[in-house]
>>> print(open('work_36.cif').read())   # mmCIF, C-alpha atoms (C1' of nucleotides)
data_structure
loop_
_atom_site.label_atom_id
_atom_site.label_comp_id
_atom_site.auth_asym_id
_atom_site.auth_seq_id
_atom_site.Cartn_x
_atom_site.Cartn_y
_atom_site.Cartn_z
CA MET A 1 -2.60 -19.79 4.80
CA LYS A 2 -3.85 -16.77 2.96
CA ASP A 3 -7.02 -18.47 1.81
CA GLU A 4 -7.87 -19.05 5.46
CA VAL A 5 -7.36 -15.41 6.26
CA LYS A 6 -9.48 -14.37 3.30
CA GLU A 7 -12.19 -16.69 4.52
CA GLN A 8 -11.94 -15.12 7.96
CA VAL A 9 -12.32 -11.68 6.43
CA THR A 10 -15.41 -12.66 4.48
CA THR A 11 -16.87 -14.40 7.53
CA ILE A 12 -16.37 -11.40 9.77
CA MET A 13 -17.79 -9.16 7.08
CA ALA A 14 -20.92 -11.28 6.95
CA GLN A 15 -21.24 -11.04 10.72
CA ILE A 16 -21.56 -7.28 10.79
CA PRO A 17 -25.02 -6.45 12.15
CA PRO A 18 -27.30 -4.23 10.09
CA GLY A 19 -27.07 -0.55 10.82
CA ARG A 20 -23.50 -0.94 12.02
CA VAL A 21 -20.14 -0.37 10.40
CA THR A 22 -16.61 -1.55 11.00
CA THR A 23 -13.17 -0.55 9.92
CA TYR A 24 -10.41 -2.27 8.00
CA GLY A 25 -8.15 -2.21 11.01
CA THR A 26 -10.78 -3.89 13.17
CA ILE A 27 -11.22 -6.74 10.71
CA ALA A 28 -7.47 -7.04 10.30
CA GLY A 29 -7.16 -7.28 14.08
CA MET A 30 -9.82 -10.01 14.27
CA THR A 31 -8.15 -12.11 11.63
CA ASP A 32 -4.75 -13.63 12.10
CA GLY A 33 -1.98 -11.99 10.15
CA ALA A 34 -4.19 -9.87 7.93
CA THR A 35 -3.46 -6.20 7.40
CA PRO A 36 -5.81 -3.36 6.45
CA ARG A 37 -4.29 -3.40 2.99
CA TYR A 38 -5.02 -7.08 2.63
CA VAL A 39 -8.62 -6.56 3.77
CA ALA A 40 -9.01 -3.82 1.19
CA TRP A 41 -7.58 -6.09 -1.46
CA VAL A 42 -10.06 -8.82 -0.55
CA LEU A 43 -12.99 -6.44 -0.88
CA ARG A 44 -11.79 -5.18 -4.21
CA SER A 45 -11.14 -8.68 -5.43
CA LEU A 46 -14.61 -9.91 -4.50
CA PRO A 47 -16.71 -11.22 -7.39
CA SER A 48 -19.56 -9.19 -8.79
CA ASP A 49 -22.16 -11.54 -7.40
CA HIS A 50 -21.03 -11.44 -3.80
CA VAL A 51 -23.64 -10.96 -1.12
CA LEU A 52 -21.33 -9.60 1.54
CA PRO A 53 -22.08 -6.19 3.07
CA TRP A 54 -18.93 -4.60 1.79
CA PHE A 55 -20.56 -1.19 2.16
CA ARG A 56 -20.42 -1.58 5.95
CA ILE A 57 -16.66 -1.34 5.92
CA VAL A 58 -15.26 2.15 6.31
CA ARG A 59 -11.93 3.69 7.12
CA ALA A 60 -10.66 4.47 10.58
CA GLY A 61 -12.52 7.34 12.18
CA GLY A 62 -15.72 6.48 10.36
CA VAL A 63 -14.67 8.04 7.08
CA LEU A 64 -15.81 6.37 3.89
CA ALA A 65 -13.11 4.61 1.93
CA ASP A 66 -11.69 6.16 -1.22
CA HIS A 67 -13.22 4.13 -3.97
CA SER A 68 -15.46 4.61 -6.95
CA GLY A 69 -18.48 3.26 -5.12
CA ALA A 70 -18.18 5.61 -2.16
CA ALA A 71 -21.35 7.45 -3.16
CA VAL A 72 -23.21 4.17 -3.52
CA GLN A 73 -21.82 3.02 -0.20
CA HIS A 74 -22.98 6.24 1.41
CA GLU A 75 -26.45 5.72 0.04
CA ARG A 76 -26.51 2.11 1.17
CA LEU A 77 -25.42 2.98 4.71
CA ARG A 78 -27.95 5.74 4.83
CA ALA A 79 -30.58 3.17 3.87
CA GLU A 80 -29.31 0.90 6.65
CA GLY A 81 -29.96 3.64 9.17
CA VAL A 82 -26.40 4.85 9.59
CA VAL A 83 -26.13 8.58 10.12
CA PHE A 84 -23.30 10.72 8.81
CA ASP A 85 -22.33 13.97 10.43
CA GLU A 86 -21.78 17.09 8.39
CA ARG A 87 -18.17 16.22 7.92
CA GLY A 88 -19.05 12.90 6.34
CA ARG A 89 -18.04 10.82 9.33
CA ILE A 90 -19.94 8.10 11.14
CA PRO A 91 -20.27 8.48 14.94
CA THR A 92 -18.49 5.87 17.05
CA HIS A 93 -21.91 4.74 18.23
CA PHE A 94 -22.40 2.86 14.95
CA PHE A 95 -19.08 1.08 15.11
CA TRP A 96 -18.92 -2.68 15.43
CA PRO A 97 -17.95 -4.48 17.61
"C1'" DG B 1 13.18 -11.08 -8.91
"C1'" DC B 2 12.43 -6.00 -8.79
"C1'" DA B 3 9.26 -2.02 -9.04
"C1'" DT B 4 4.69 -0.15 -8.67
"C1'" DT B 5 0.14 0.01 -6.79
"C1'" DG B 6 -3.55 -0.02 -3.49
"C1'" DA B 7 -11.53 0.39 -0.97
"C1'" DC B 8 -5.37 1.67 4.93
"C1'" DG B 9 -3.28 3.45 9.53
"C1'" DA B 10 -0.52 6.04 12.41
"C1'" DT B 11 2.44 9.87 13.22
"C1'" DG B 12 4.45 14.44 12.62
"C1'" DA B 13 4.63 19.23 10.91
"C1'" DA C 1 -8.10 21.34 12.44
"C1'" DT C 2 -5.66 19.87 7.58
"C1'" DC C 3 -1.75 18.23 4.77
"C1'" DA C 4 2.30 15.45 4.03
"C1'" DT C 5 5.09 11.32 4.80
"C1'" DC C 6 6.20 6.73 6.20
"C1'" DG C 7 5.15 2.00 7.21
"C1'" DC C 8 2.71 -2.61 6.20
"C1'" DC C 9 1.72 -6.49 3.41
"C1'" DA C 10 0.18 -8.77 -0.56
"C1'" DA C 11 -0.91 -8.66 -5.58
"C1'" DT C 12 0.26 -7.43 -10.05
"C1'" DG C 13 3.18 -5.97 -14.12
#
>>> encode(input="work_36.cif", output="structure tokens")
Amino acid sequence: MKDEVKEQVTTIMAQIPPGRVTTYGTIAGMTDGATPRYVAWVLRSLPSDHVLPWFRIVRAGGVLADHSGAAVQHERLRAEGVVFDERGRIPTHFFWP
DNA sequence: GCATTGACGATGA
DNA sequence: ATCATCGCCAATG
């Protein structure tokens, strides 16, 4: 059921350790039947008062996702201790799992 | 029910 | 290395 998958996505998102990031494809692979697009849709559809670390989810290769809050996300990750290289990418060292 | 869109990913030029 | 295209799947109009 899709609600189950959405719950899996939110659960995995909440399990991301601080100072680490993960990708849409990774979450999609952990869940059953989810796709990166679906994960993205879940994040976008989250309510305003969510407490999930949505800013820890980036695109494949460690590139920030294309959304309006990318700058905020960058700032948040920087506050978490994540380091971006000069090309705006996150080293694989910060990837989770 | 069909067409468009989207916080993506992989592949090819 | 960058840019362009296709594929995926679900939601929305």
>>> resolve_selection(input="work_36.cif", expression="the PyMOL selection byres ((chain B and resi 1-12) around 9)", output="JSON, numbers by chain")
{"A": [24, 25, 35, 36, 37, 39, 40, 41, 43, 44, 57, 58, 59, 60, 64, 65, 66, 67, 68, 69, 70], "B": [13], "C": [4, 5, 6, 7, 11, 12, 13]}
>>> atom_distance(input="work_36.cif", atom1="atom CA of Val21 of chain A", atom2="atom CA of Pro97 of chain A")
8.6 Å
>>> resolve_selection(input="work_36.cif", expression="the PyMOL selection byres ((chain C) within 9 of (chain A))", output="list in words")
DC8, DC9, DA10 and DA11 of chain C
>>> residues_near_point(input="work_36.cif", point="(-15.3, 9.3, 8.9)", cutoff="6 Å", atoms="only C-alpha atoms (C1' of nucleotides)", output="VMD selection string")
chain A and resid 61 to 64 88 to 90
>>> atom_distance(input="work_36.cif", atom1="atom CA of Pro53 of chain A", atom2="atom CA of Met13 of chain A")
6.6 Å
>>> atom_distance(input="work_36.cif", atom1="atom CA of Pro91 of chain A", atom2="atom CA of Thr31 of chain A")
24.1 Å
>>> resolve_selection(input="work_36.cif", expression="the PyMOL selection byres ((chain A and resi 96) around 8)", output="ChimeraX atom specification")
/A:16-17,20-22,94-95,97
>>> residues_around(input="work_36.cif", residues="Gly19 of chain A", least_positions_apart="4", cutoff="9 Å", atoms="all atoms listed in the file", output="ChimeraX atom specification")
/A:56,77-82,94
